[in-house]
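Student: Here it is, the structure in full.
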Amino acid sequence: MTLRIHNTLSRETETFTPIEPNHVRMYVCGMTIYDLCHVGHARFLMAFDVVYRWLRTLGYKVTYVRNITDIEDKIIKRALERKIPIRELTDEMTAAMHEDIGALGILAPTHEPRATQYVPQMVSMIGTLERKGLAYRASGGDVNFAVRKFPGYGKLSGKSIDQLRAGERVAVLDGKEDPLDFVLWKAAKESEPDDAKWDSEFGPGRPGWHIECSAMSCAILGEQFDIHGGGMDLQFPHHENEIAQSEGATGKRFVNYWLHNGFLNVDNEKMSKSVGNFFTIRDVLKRYDGETLRYFMLRTHYRSPFNFSDTNLDDARHALRRLYTALDGVEVGDTAVDWTQPQAAAFRALASELNRTRSPQTAALLKGLAATLGVLQQSPRDYLQGGSAVDEASINQLIAERAAAKSSRDFARADQIRKDLAARGIVLQDSPQGTTWVKA
């Protein structure tokens, strides 16, 4: 089967050929864990959840790595503000992330590494770059990457170094040889807590953000792998810097295919707390169920700009109910489904045909496409009636145990309960009013 995908690196749609036949290795830049996930996060997580599902539907074995950044300036600042250890904050926010994206039916990746687990690999890669003359120690103790010493810098963004410098708005910091140079290792500051520092050959400090993803992806997937994804906002400088430091360290092509999802706007404006149009996933789940939010996001191609609005959400909710109504009472046949390019738009045509013919084969086609995209997997009758035939008493008991665990700050136990329920097809949805659940 021929699969074609758009590669940001070449700016062309290419035939996809994995390095290892029938095995796709994919890395996606995940969350920086210091606060609740917002709808912009849902956008990119959803996009690559569909890519993951799609590849598996096509018969590929997929090793999917989506990292957690659990050491970074914002994390340190938030932990200090709350007067708690960094690990306590990141455990709490990781559990919250799992709850929120679980409500959207987003599958767990094969591996979910935390940056703090891979500091030795980061230090090793920085040392290699220094020995190759691509990194230098600055006067303040930082270690920086020397951008001009890496041939081809700018190939992902499609700009030369001089063009990138022309758009530079940041003055050269002390110790930097060039404004485009970026930090690989940040020297420890006296004001930072002890749990934000590691010993290294460069002195005490912590890794820069860019080196984290290079070290984690190479450690788990190898020095060369198939797909690297993330939001379009990461194309430059984050992904550009990943290429430079990874290829600079290994001397090999880092990634074959780069995928980037489009920007998210709210009512046609950039989402921002300052203008009052900033929404967390939990904000949205107070008014819409997780499957509606998922279907809403599926209706826009992952590379296209995405406009978030109540009007569009309401339309998605009505459309999803129409799809469940079309399936209600129809036996699903055994028709095999082979979707090389699944699109949510195909739902409408199939639903119309199903309403007209009540055909088990058409129902199978509709359910098959839906499974690839992660929707329409509930019983139509349960969804339309808003209920389900499950052991409500046991679920509510576990929800109570989870609430007690969260109150005692045992976030590991709380997260495990959520995972156990998810394995039973029960997705939890938290809100200020309490925790509810839906059957996935």
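Letters for chains follow the order of the structure tokens (A, B, ...), residue numbers begin at 1 for each chain, and ligand numbers begin at 1 in the order shown.
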Skip A:Arg321 itself and residues of its chain fewer than 4 positions away, then list as a PyMOL selection string all residues within 9 Å of it, counting only C-alpha atoms.
Tutor: chain A and resi 316-317+325-326+380+383-384
Student: Please write the residues from the selection above to a file, keeping C-alpha atoms, as a CSV table (one decimal), in the first residue's frame.
Tutor:
chain,number,residue,atom,x,y,z
A,316,ALA,CA,-20.0,19.4,15.9
A,317,ARG,CA,-22.2,18.2,18.7
A,325,THR,CA,-28.6,8.4,15.2
A,326,ALA,CA,-27.8,6.9,11.8
A,380,PRO,CA,-25.5,4.5,19.8
A,383,TYR,CA,-24.7,7.9,23.7
A,384,LEU,CA,-28.1,9.2,22.6
Student: Stretch 91-313 of chain A: which residues are strand (DSSP E) by DSSP, as number ranges by chain?
Tutor: A: 135-137, 143-145, 182-187, 205-207, 225-231, 255-261, 264-266, 269-270, 306-308
Student: Which residues of stretch 182-298 of chain A come within 10 Å of stretch 57-75 of chain A, and for each one, what is the closest pair of atoms and their distance in Å to one decimal, counting only C-alpha atoms, sorted by chain and residue number, as a Markdown table?
Tutor:
| residue | atom | partner | partner_atom | distance |
| --- | --- | --- | --- | --- |
| A:Glu192 | CA | A:Asp73 | CA | 9.7 |
| A:Asp195 | CA | A:Ile71 | CA | 9.4 |
| A:Ala196 | CA | A:Ile71 | CA | 7.1 |
| A:Lys197 | CA | A:Ile71 | CA | 9.6 |
| A:Arg206 | CA | A:Ile71 | CA | 8.1 |
| A:Pro207 | CA | A:Ile71 | CA | 8.3 |
| A:Gly208 | CA | A:Glu72 | CA | 7.9 |
| A:Trp209 | CA | A:Glu72 | CA | 7.1 |
| A:Glu212 | CA | A:Thr69 | CA | 7.9 |
| A:Cys213 | CA | A:Asn67 | CA | 7.6 |
| A:Met216 | CA | A:Asn67 | CA | 7.8 |
| A:Ser217 | CA | A:Val65 | CA | 7.4 |
| A:Ile220 | CA | A:Val65 | CA | 7.9 |
| A:Leu221 | CA | A:Thr63 | CA | 7.9 |
| A:Ile227 | CA | A:Tyr64 | CA | 9.4 |
| A:His228 | CA | A:Val65 | CA | 9.5 |
| A:Gly229 | CA | A:Arg66 | CA | 9.5 |
| A:Gly230 | CA | A:Arg66 | CA | 9.9 |
Student: Output C-alpha atoms of each residue in that selection to a file, as a tab-separated table (two decimals), in the first residue's frame.
Tutor:
chain	number	residue	atom	x	y	z
A	192	GLU	CA	17.22	28.17	41.93
A	195	ASP	CA	16.06	19.97	42.68
A	196	ALA	CA	16.62	22.10	39.56
A	197	LYS	CA	20.33	21.28	39.41
A	206	ARG	CA	20.40	21.77	33.95
A	207	PRO	CA	19.83	21.01	30.27
A	208	GLY	CA	18.40	23.46	27.78
A	209	TRP	CA	15.01	22.68	26.27
A	212	GLU	CA	16.15	17.37	25.87
A	213	CYS	CA	14.19	16.20	22.83
A	216	MET	CA	15.31	11.40	24.50
A	217	SER	CA	14.39	10.63	20.90
A	220	ILE	CA	14.63	5.48	22.57
A	221	LEU	CA	14.24	5.48	18.79
A	227	ILE	CA	8.67	10.80	11.79
A	228	HIS	CA	9.05	13.81	14.07
A	229	GLY	CA	5.97	15.89	14.81
A	230	GLY	CA	4.79	18.91	16.70
Student: Write out as number ranges by chain which residues come within 7 Å of stretch 133-147 of chain A when counting only C-alpha atoms, dropping same-chain ones fewer than 3 positions away.
Tutor: A: 129-130, 150, 153, 175-176, 180-187
Student: Using only C-alpha atoms, which residue out of A:Phe48, A:Phe202, A:Phe296, A:Tyr302 lies closest to A:Asp315?
Tutor: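 Nearest candidate to A:Asp315 out of A:Phe48, A:Phe202, A:Phe296, A:Tyr302: A:Phe296.
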Student: Can you work out the spacing between atom CA of A:Lys132 and atom CA of A:Ser160 in Å, to one decimal?
Tutor: 22.4 Å
Student: So which residues of stretch 220-326 of chain A fall under alpha helix (DSSP H) by DSSP, listed as a ChimeraX atom specification?
Tutor: /A:220-221,240-250,281-285,290-298,310-326
Student: Mind pulling up the distance from atom CA of A:Arg43 to atom CA of A:Ser352?
Tutor: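 Distance reported for this atom pair: 28.1 Å.
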Student: Set the distance at 12 Å and use only C-alpha atoms: which residues neighbour A:Glu247 once local chain neighbours fewer than 6 positions away are removed? I'd like the list as an NGL selection string.
Tutor: :A and (125 or 128-129 or 132 or 134 or 150-153 or 211 or 214-215 or 218 or 223-224 or 239-241 or 253-255)
